[in-house]
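J.: Next comes run.txt, compact mmCIF, C-alpha atoms:
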```txt
# COMPACT_ATOMS: atom_id res chain seq x y z
CA MET N 22 0.00 0.00 0.00
CA ASN N 23 2.70 2.41 0.99
CA ASP N 24 4.72 1.93 -2.18
CA MET N 25 1.73 3.06 -4.26
CA THR N 26 1.71 6.51 -2.65
CA GLN N 27 5.45 6.71 -3.02
CA ALA N 28 5.33 5.74 -6.68
CA TYR N 29 2.57 8.25 -7.39
CA VAL N 30 4.44 11.06 -5.67
CA GLY N 31 7.66 10.08 -7.45
CA LEU N 32 5.94 10.23 -10.83
CA SER N 33 4.36 13.52 -9.85
CA SER N 34 7.75 15.02 -8.98
CA ILE N 35 9.23 13.81 -12.29
CA LEU N 36 6.37 15.41 -14.25
CA PHE N 37 6.67 18.61 -12.21
CA THR N 38 10.39 18.81 -13.00
CA ILE N 39 9.78 18.27 -16.71
CA GLY N 40 7.16 21.01 -16.66
CA ALA N 41 9.51 23.40 -14.89
CA VAL N 42 12.31 22.75 -17.39
CA GLY N 43 9.82 23.26 -20.22
CA VAL N 44 8.82 26.67 -18.88
CA LEU N 45 12.49 27.67 -18.79
CA VAL N 46 13.49 26.23 -22.16
CA ARG N 47 10.61 26.74 -24.57
CA ARG N 48 10.01 30.07 -26.37
CA ASN N 49 6.54 29.68 -27.81
CA ALA N 50 4.18 31.24 -25.24
CA ILE N 51 1.54 28.57 -25.87
CA VAL N 52 3.96 25.72 -25.22
CA VAL N 53 5.18 27.49 -22.07
CA PHE N 54 1.56 27.60 -20.99
CA MET N 55 1.17 23.88 -21.66
CA CYS N 56 4.16 23.21 -19.43
CA VAL N 57 2.49 25.22 -16.65
CA GLU N 58 -0.55 22.98 -17.08
CA LEU N 59 1.72 19.95 -16.82
CA MET N 60 3.05 21.24 -13.48
CA LEU N 61 -0.48 21.79 -12.17
CA ASN N 62 -1.44 18.26 -13.24
CA ALA N 63 1.61 16.82 -11.50
CA SER N 64 0.68 18.54 -8.25
CA ASN N 65 -2.87 17.21 -8.61
CA LEU N 66 -1.51 13.69 -8.85
CA ALA N 67 0.37 14.16 -5.58
CA LEU N 68 -2.76 15.55 -3.91
CA VAL N 69 -4.83 12.54 -5.01
CA ALA N 70 -2.14 10.13 -3.84
CA PHE N 71 -1.95 11.77 -0.42
CA ALA N 72 -5.75 11.78 -0.10
CA ARG N 73 -5.58 8.01 -0.46
CA GLN N 74 -2.69 7.78 1.98
CA HIS N 75 -4.51 9.68 4.71
CA GLY N 76 -7.93 8.22 4.06
CA ASN N 77 -9.94 11.43 3.73
CA LEU N 78 -11.27 13.36 0.77
CA GLU N 79 -9.68 16.74 1.44
CA GLY N 80 -6.87 16.04 -1.02
CA GLN N 81 -9.36 15.30 -3.77
CA VAL N 82 -11.25 18.51 -2.97
CA ALA N 83 -7.97 20.44 -3.22
CA ALA N 84 -7.24 18.80 -6.60
CA PHE N 85 -10.74 19.77 -7.74
CA PHE N 86 -10.15 23.40 -6.80
CA VAL N 87 -6.79 23.34 -8.60
CA MET N 88 -8.58 22.19 -11.75
CA VAL N 89 -11.17 24.97 -11.47
CA VAL N 90 -8.53 27.65 -10.97
CA ALA N 91 -6.47 26.19 -13.83
CA ALA N 92 -9.46 26.46 -16.15
CA ALA N 93 -9.96 30.13 -15.27
CA GLU N 94 -6.23 30.77 -15.64
CA VAL N 95 -6.08 29.17 -19.08
CA VAL N 96 -8.99 31.26 -20.33
CA VAL N 97 -7.37 34.55 -19.34
CA GLY N 98 -3.84 33.47 -20.27
CA LEU N 99 -4.77 32.36 -23.77
CA ALA N 100 -6.74 35.56 -24.30
CA ILE N 101 -3.62 37.54 -23.36
CA ILE N 102 -1.49 35.45 -25.75
CA MET N 103 -4.03 36.08 -28.50
CA THR N 104 -3.97 39.83 -27.86
CA ILE N 105 -0.16 39.91 -27.92
CA PHE N 106 -0.13 37.84 -31.10
CA ARG N 107 -2.58 40.19 -32.77
CA SER N 108 -0.47 43.26 -32.11
CA ARG N 109 3.00 41.75 -32.65
CA ARG N 110 2.32 38.84 -35.07
CA SER N 111 4.41 36.57 -32.87
CA ALA N 112 3.74 34.16 -30.02
CA SER N 113 7.36 34.07 -28.84
CA VAL N 114 7.95 35.09 -25.24
CA ASP N 115 11.17 36.84 -26.27
CA ASP N 116 9.40 39.36 -28.47
CA ALA N 117 7.15 40.79 -25.77
CA SER N 118 9.89 42.83 -24.09
CA LEU N 119 8.41 46.32 -24.29
CA LEU N 120 8.48 46.84 -20.50
CA LYS N 121 12.10 45.73 -20.21
CA TYR N 122 13.84 49.08 -20.35
CA MET R 25 -0.41 -0.99 -9.67
CA THR R 26 -0.26 -2.62 -13.12
CA ALA R 27 -1.92 0.45 -14.65
CA PHE R 28 0.65 2.65 -12.96
CA TRP R 29 3.68 0.76 -14.26
CA ILE R 30 2.25 0.70 -17.77
CA LEU R 31 1.23 4.36 -17.84
CA ALA R 32 4.11 5.97 -15.92
CA PRO R 33 6.76 5.39 -18.66
CA ILE R 34 4.30 6.54 -21.34
CA MET R 35 3.58 9.72 -19.39
CA VAL R 36 7.24 10.49 -18.77
CA ILE R 37 8.14 9.92 -22.43
CA ALA R 38 5.23 12.07 -23.61
CA ALA R 39 6.15 14.82 -21.15
CA LEU R 40 9.77 14.74 -22.34
CA GLY R 41 8.44 14.94 -25.88
CA ILE R 42 6.79 18.28 -25.03
CA LEU R 43 10.25 19.64 -24.32
CA VAL R 44 11.73 18.67 -27.66
CA VAL R 45 9.05 18.79 -30.37
CA ARG R 46 9.23 21.81 -32.64
CA ARG R 47 5.55 22.25 -33.43
CA ALA R 48 3.10 23.46 -30.82
CA VAL R 49 0.35 21.16 -32.14
CA HIS R 50 2.48 18.09 -31.42
CA ALA R 51 3.13 19.40 -27.92
CA ALA R 52 -0.62 19.74 -27.38
CA LEU R 53 -1.23 16.16 -28.52
CA LEU R 54 1.53 14.85 -26.23
CA LEU R 55 -0.04 16.81 -23.38
CA ALA R 56 -3.34 15.08 -24.16
CA VAL R 57 -1.59 11.71 -23.74
CA VAL R 58 -0.26 12.78 -20.33
CA MET R 59 -3.65 14.09 -19.19
CA LEU R 60 -5.61 11.02 -20.28
CA SER R 61 -3.08 8.73 -18.55
CA LEU R 62 -3.41 10.87 -15.42
CA SER R 63 -7.17 10.38 -15.44
CA VAL R 64 -6.68 6.60 -15.45
CA LEU R 65 -4.28 6.95 -12.52
CA TYR R 66 -6.94 8.92 -10.64
CA LEU R 67 -9.34 6.06 -11.21
CA ALA R 68 -6.76 3.64 -9.79
CA ALA R 69 -6.38 5.90 -6.74
CA ASP R 70 -10.09 5.72 -5.83
CA ALA R 71 -11.00 9.11 -7.30
CA PRO R 72 -13.72 8.39 -9.90
CA PHE R 73 -15.08 11.95 -9.75
CA LEU R 74 -11.68 13.45 -10.52
CA PHE R 75 -11.28 10.88 -13.32
CA ALA R 76 -14.38 12.30 -15.01
CA VAL R 77 -13.47 15.92 -14.27
CA GLN R 78 -9.95 15.42 -15.59
CA ILE R 79 -11.29 14.15 -18.92
CA ILE R 80 -14.08 16.72 -19.22
CA VAL R 81 -12.26 19.83 -17.96
CA TYR R 82 -8.64 19.20 -18.91
CA THR R 83 -8.76 17.07 -22.01
CA GLY R 84 -12.12 18.31 -23.20
CA ALA R 85 -12.11 22.01 -22.42
CA ILE R 86 -8.60 23.23 -21.73
CA LEU R 87 -6.79 21.27 -24.45
CA MET R 88 -9.48 22.16 -26.98
CA LEU R 89 -8.95 25.80 -26.06
CA PHE R 90 -5.21 25.34 -26.64
CA LEU R 91 -5.82 23.80 -30.05
CA PHE R 92 -8.29 26.56 -30.89
CA VAL R 93 -5.74 29.25 -30.09
CA LEU R 94 -3.08 27.36 -32.06
CA MET R 95 -5.46 27.38 -35.01
CA LEU R 96 -5.87 31.16 -34.73
CA VAL R 97 -2.17 31.84 -34.19
CA GLY R 98 -1.22 29.75 -37.20
CA VAL R 99 0.85 26.66 -37.81
CA ASP R 100 3.95 28.56 -38.86
CA ALA R 101 4.41 30.00 -35.37
CA SER R 102 6.90 27.34 -34.38
CA ASP R 103 9.67 27.77 -31.87
CA SER R 104 12.90 29.47 -32.84
CA VAL R 105 16.01 27.52 -31.93
CA VAL R 106 18.19 30.60 -31.49
CA GLU R 107 19.23 31.22 -27.90
CA THR R 108 18.70 34.83 -26.87
CA ILE R 109 20.37 34.33 -23.47
CA ARG R 110 23.66 32.52 -23.82
CA GLY R 111 23.79 29.12 -22.11
CA GLN R 112 20.16 29.37 -21.00
CA ARG R 113 19.26 25.87 -22.10
CA VAL R 114 22.23 24.25 -20.39
CA ILE R 115 21.61 26.12 -17.16
CA ALA R 116 17.89 25.27 -17.31
CA ALA R 117 18.72 21.58 -17.86
CA ILE R 118 21.17 21.55 -14.94
CA GLY R 119 18.70 23.36 -12.70
CA GLY R 120 15.89 21.02 -13.69
CA LEU R 121 18.05 17.98 -13.07
CA ALA R 122 19.00 19.34 -9.65
CA LEU R 123 15.34 19.97 -8.81
CA GLY R 124 14.34 16.48 -9.93
CA VAL R 125 17.14 14.76 -8.02
CA LEU R 126 16.32 16.81 -4.92
CA LEU R 127 12.63 15.97 -5.06
CA LEU R 128 13.19 12.28 -5.72
CA LEU R 129 15.91 11.91 -3.06
CA GLY R 130 13.77 13.68 -0.49
CA LEU R 131 10.71 11.64 -1.30
CA THR R 132 12.46 8.26 -1.25
CA GLN R 133 13.68 8.92 2.29
CA LEU R 134 10.14 9.55 3.41
CA SER R 135 8.44 6.86 5.46
CA LEU R 136 4.71 7.23 5.21
CA GLY R 137 3.43 4.22 7.08
CA PRO R 138 0.60 2.07 5.79
CA ALA R 139 -1.92 3.86 3.59
CA VAL R 140 -5.38 4.25 5.13
CA GLY R 141 -7.16 3.91 1.78
CA LEU R 142 -10.37 5.62 0.77
CA ASP R 143 -12.76 2.72 1.35
CA GLY R 144 -14.06 4.35 4.53
CA ALA R 145 -14.35 7.85 3.09
CA ASN R 146 -15.94 6.61 -0.14
CA GLU R 147 -18.48 4.48 1.71
CA GLY R 148 -21.52 6.53 0.70
CA GLY R 149 -20.13 7.13 -2.78
CA ASN R 150 -17.16 9.23 -3.87
CA ILE R 151 -19.25 12.08 -5.29
CA GLN R 152 -21.48 12.25 -2.23
CA GLY R 153 -18.44 12.32 0.02
CA LEU R 154 -16.83 15.11 -2.02
CA ALA R 155 -20.10 17.06 -2.02
CA ASN R 156 -20.29 16.77 1.78
CA VAL R 157 -16.82 18.24 2.11
CA ILE R 158 -17.19 20.97 -0.55
CA PHE R 159 -20.58 22.23 0.60
CA SER R 160 -19.81 22.25 4.30
CA ARG R 161 -16.22 23.03 5.05
CA TYR R 162 -15.16 24.57 1.74
CA VAL R 163 -18.41 26.28 0.81
CA PHE R 164 -16.78 29.70 1.01
CA ALA R 165 -13.93 28.65 -1.27
CA PHE R 166 -16.52 27.18 -3.63
CA GLU R 167 -18.39 30.49 -3.81
CA ALA R 168 -15.10 32.31 -4.34
CA THR R 169 -14.30 30.08 -7.33
CA SER R 170 -17.63 30.99 -8.91
CA ALA R 171 -16.65 34.67 -8.65
CA LEU R 172 -13.24 33.76 -10.12
CA ILE R 173 -14.79 31.99 -13.10
CA ILE R 174 -17.16 34.86 -13.85
CA THR R 175 -14.25 37.30 -13.66
CA ALA R 176 -12.19 35.10 -15.99
CA ALA R 177 -15.03 34.90 -18.51
CA VAL R 178 -15.50 38.68 -18.50
CA GLY R 179 -11.73 39.17 -18.71
CA ALA R 180 -11.42 36.86 -21.70
CA MET R 181 -14.20 38.73 -23.48
CA VAL R 182 -12.58 42.09 -22.77
CA LEU R 183 -9.19 40.88 -23.99
CA ALA R 184 -10.51 39.17 -27.09
CA HIS R 185 -12.90 41.92 -28.14
CA ARG R 186 -11.67 44.51 -30.61
CA GLU R 187 -13.37 47.73 -31.53
CA ARG R 188 -13.36 48.39 -35.32
CA LEU R 189 -11.37 51.57 -35.84
CA THR R 190 -11.76 51.94 -39.60
CA PRO R 191 -14.97 51.42 -41.60
CA LYS R 192 -15.34 48.05 -43.29
CA LYS R 193 -14.10 48.03 -46.89
CA SER R 194 -16.84 47.57 -49.45
CA GLN R 195 -16.41 45.63 -52.66
CA ALA R 196 -16.05 48.88 -54.64
CA ASP R 197 -13.25 50.02 -52.29
CA LEU R 198 -11.44 46.72 -52.78
CA ALA R 199 -11.74 46.97 -56.56
CA ALA R 200 -10.44 50.54 -56.55
CA GLU R 201 -7.55 49.50 -54.32
CA ARG R 202 -6.67 46.65 -56.67
CA LEU R 203 -6.68 48.94 -59.68
CA ARG R 204 -4.51 51.49 -57.88
CA GLU R 205 -2.03 48.74 -57.04
CA TYR R 206 -1.99 47.64 -60.66
CA ALA R 207 -1.29 51.20 -61.78
CA GLU R 208 1.48 51.72 -59.24
CA THR R 209 3.23 48.37 -58.98
CA GLY R 210 1.87 46.42 -61.91
CA ARG R 211 0.42 43.70 -59.72
CA HIS R 212 -1.80 41.25 -61.58
CA LEU R 213 -5.43 42.36 -61.55
CA GLY R 214 -7.17 39.02 -61.76
CA PRO R 215 -7.49 36.26 -59.18
CA LEU R 216 -4.53 34.25 -57.96
CA PRO R 217 -3.55 31.27 -60.13
CA PRO R 218 -5.03 27.99 -58.87
CA PRO R 219 -2.61 25.23 -57.90
CA GLY R 220 -1.59 22.84 -60.61
CA THR R 221 -2.18 25.12 -63.60
CA TYR R 222 0.09 23.93 -66.43
CA ALA R 223 1.56 21.39 -64.02
CA ARG R 224 1.26 17.62 -64.32
CA HIS R 225 -0.85 17.30 -61.18
CA ASN R 226 -3.80 19.25 -59.83
CA ALA R 227 -3.26 18.61 -56.09
CA VAL R 228 -3.34 21.71 -53.87
CA ASP R 229 0.28 21.20 -52.83
CA THR R 230 1.56 21.32 -56.41
CA PRO R 231 2.42 24.86 -57.46
CA ALA R 232 1.22 26.11 -60.84
CA LEU R 233 3.79 26.33 -63.60
CA LEU R 234 4.07 29.63 -65.41
CA PRO R 235 4.38 29.49 -69.21
CA ASP R 236 8.16 29.72 -68.94
CA GLY R 237 8.23 26.67 -66.66
CA THR R 238 8.93 28.34 -63.32
CA PRO R 239 6.67 27.44 -60.38
CA SER R 240 4.36 30.23 -59.17
CA GLU R 241 4.63 30.97 -55.44
CA LEU R 242 1.20 32.59 -55.46
CA SER R 243 -0.64 29.42 -56.41
CA VAL R 244 -0.09 27.46 -53.18
CA SER R 245 -1.50 28.28 -49.78
CA ARG R 246 0.77 30.19 -47.41
CA VAL R 247 0.04 27.60 -44.72
CA LEU R 248 1.29 24.74 -46.90
CA ALA R 249 4.44 26.71 -47.67
CA ALA R 250 4.97 27.29 -43.94
CA ARG R 251 4.58 23.58 -43.22
CA GLY R 252 7.10 22.81 -45.94
CA THR R 253 4.84 20.32 -47.72
CA VAL R 254 4.76 22.02 -51.12
CA ARG R 255 5.69 19.65 -53.93
CA ASN R 256 8.25 20.59 -56.47
CA ALA R 257 6.35 21.05 -59.72
CA PRO R 258 9.29 20.67 -62.16
CA ASP R 259 10.08 17.31 -60.56
CA LEU R 260 6.67 16.04 -61.65
CA ALA R 261 7.55 16.97 -65.22
CA ASP R 262 11.05 15.52 -65.38
CA ASP R 263 9.99 12.83 -67.88
CA ILE R 264 8.39 15.35 -70.23
CA GLU R 265 10.83 14.78 -73.09
CA GLN R 266 10.17 11.06 -73.06
CA ILE R 267 6.44 11.69 -73.26
CA ASN R 268 6.86 14.27 -76.00
CA ALA R 269 8.85 11.75 -78.00
CA THR R 270 6.02 9.23 -77.83
CA LEU R 271 3.45 11.84 -78.88
CA GLU R 272 5.29 12.98 -81.98
CA PRO R 273 3.58 11.79 -85.18
CA GLY R 274 6.55 10.03 -86.72
CA ALA R 275 7.82 8.51 -83.48
CA SER R 276 8.21 4.80 -82.96
CA ALA R 277 6.02 2.88 -80.51
CA PRO R 278 6.22 3.85 -76.80
CA ALA R 279 9.21 2.60 -74.82
CA GLN R 280 7.30 0.15 -72.63
CA GLU R 281 6.03 -1.72 -75.68
CA ASP R 282 9.59 -2.12 -76.93
CA ALA R 283 10.56 -3.99 -73.81
```
What does the file become when written as structure tokens?

T.:
Amino acid sequence: MNDMTQAYVGLSSILFTIGAVGVLVRRNAIVVFMCVELMLNASNLALVAFARQHGNLEGQVAAFFVMVVAAAEVVVGLAIIMTIFRSRRSASVDDASLLKY
Amino acid sequence: MTAFWILAPIMVIAALGILVVRRAVHAALLLAVVMLSLSVLYLAADAPFLFAVQIIVYTGAILMLFLFVLMLVGVDASDSVVETIRGQRVIAAIGGLALGVLLLLGLTQLSLGPAVGLDGANEGGNIQGLANVIFSRYVFAFEATSALIITAAVGAMVLAHRERLTPKKSQADLAAERLREYAETGRHLGPLPPPGTYARHNAVDTPALLPDGTPSELSVSRVLAARGTVRNAPDLADDIEQINATLEPGASAPAQEDA
């Protein structure tokens, strides 16, 4: 029983790391956003695994709230990417540097 | 646990694929693989409600939204491979490796004790149990999320909406503009050439051949050119002399009949 929680949390940490590297490495704003979603999903997996470990449903409720907030975040984030793309004709995170200097 | 050991390698490979694929559409499809596998893992961890929500909300709504935006942004918006910050990728890889090793080392030293399992908590049904928790203890957080979702919907509409600044061009305006362009730059007045004109093939990815034999860039879709799937029209006509020889009145029988 114990090894199941450990395996789930291990997988979740691997996915979280991959998502974090993706945010740092990729340039396309949409792919960066996908990597953020991957990190959120990885944390959800850990929450579900710990809910099972502790035998109550609070972890699943937390994962549910994460999903709801992620949905709201994606809606606004993609709208921002669309607006930037419309004005600059590019979805690269390097191009949106107007506030840099 | 069988489902876990089958799905975990698939998920890790798909997630690593997101890091390396060039096209954003492929990354979205790999993300779909990860999310669907996650939903199966939720089912194995006694979370049938989250299994359904994961498929409906993540794979159904969020990924569709990603694909929709990719469609609007265009397929040629692929990643550039030029590094703007020197050594960024190497440092990111080292940092990510350090984070992963740290997390895994810390978690393997953890001793959790025997898992309680959700059989007790799921006794009256998983959804009923979740509803009891959400609508009693977390009811305030639940109401706050409804405000958040309404704000996000309004925000998306505000960001996506665009006021028209110039009046819409009528057909007469467009015709006048075309004629002016013809007078100034000599641009062809008529419609664009269709693909395959004067070529040996009428597929949309075959550019039209101009009378002098050069392929016309205008005849193929810009999207196909961006994808790099345009066929080389002169290559289709490389046996043209052979065919001409067989068509000439005084020519001998075609080559294949000789053999």

J.: Between N:Arg48, N:Gln81, N:Gly40, N:Glu58, which residue has the minimum interatomic distance to Val95 (chain N), considering all atoms listed in the file?

T.: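 That would be N:Glu58, the residue with the smallest distance to Val95 (chain N).
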
J.: Contacts of Ala92 (chain N) at 8 Å or less, counting all atoms listed in the file, minus same-chain residues fewer than 2 places along, as JSON, numbers by chain?

T.: {"N": [88, 89, 90, 94, 95, 96], "R": [81, 82, 86]}

J.: Find the residues of chain N in contact range of chain R, meaning any atom within 6 Å when counting all atoms listed in the file, and list them as JSON, numbers by chain.

T.: {"N": [22, 23, 38, 42, 43, 46, 48, 49, 73, 74, 75, 76, 77, 93, 97, 100]}

J.: Excluding region 61-69 of chain N and residues on its chain fewer than 6 positions from it, collect all residues at most 6 Å away from it, counting all atoms listed in the file, and give them as JSON, numbers by chain.

T.: {"N": [30, 33, 36, 37, 80, 81, 84]}

J.: Using all atoms listed in the file, which protein or nucleic acid residues come within 10 Å of Leu213 (chain R)? Drop anything in the same chain fewer than 2 positions from it, and give the result as a PyMOL selection string.

T.: chain R and resi 199+202-207+210-211+215-216

J.: Just to confirm, what's the straight-line distance from CA of Pro239 (chain R) to CA of Asn268 (chain R) in Å (one decimal)?

T.: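 That distance, rounded to one decimal, is 20.4 Å.
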
J.: What's the separation between CA of Ala91 (chain N) and CA of Met55 (chain N), in Å to one decimal place?

T.: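 CA of Met55 (chain N) lies 11.2 Å from CA of Ala91 (chain N).
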
J.: Calculate how many Å separate CA of Leu59 (chain N) from CA of Val44 (chain N), rounding to one decimal.

T.: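 Interatomic distance, CA of Leu59 (chain N) to CA of Val44 (chain N): 10.0 Å.
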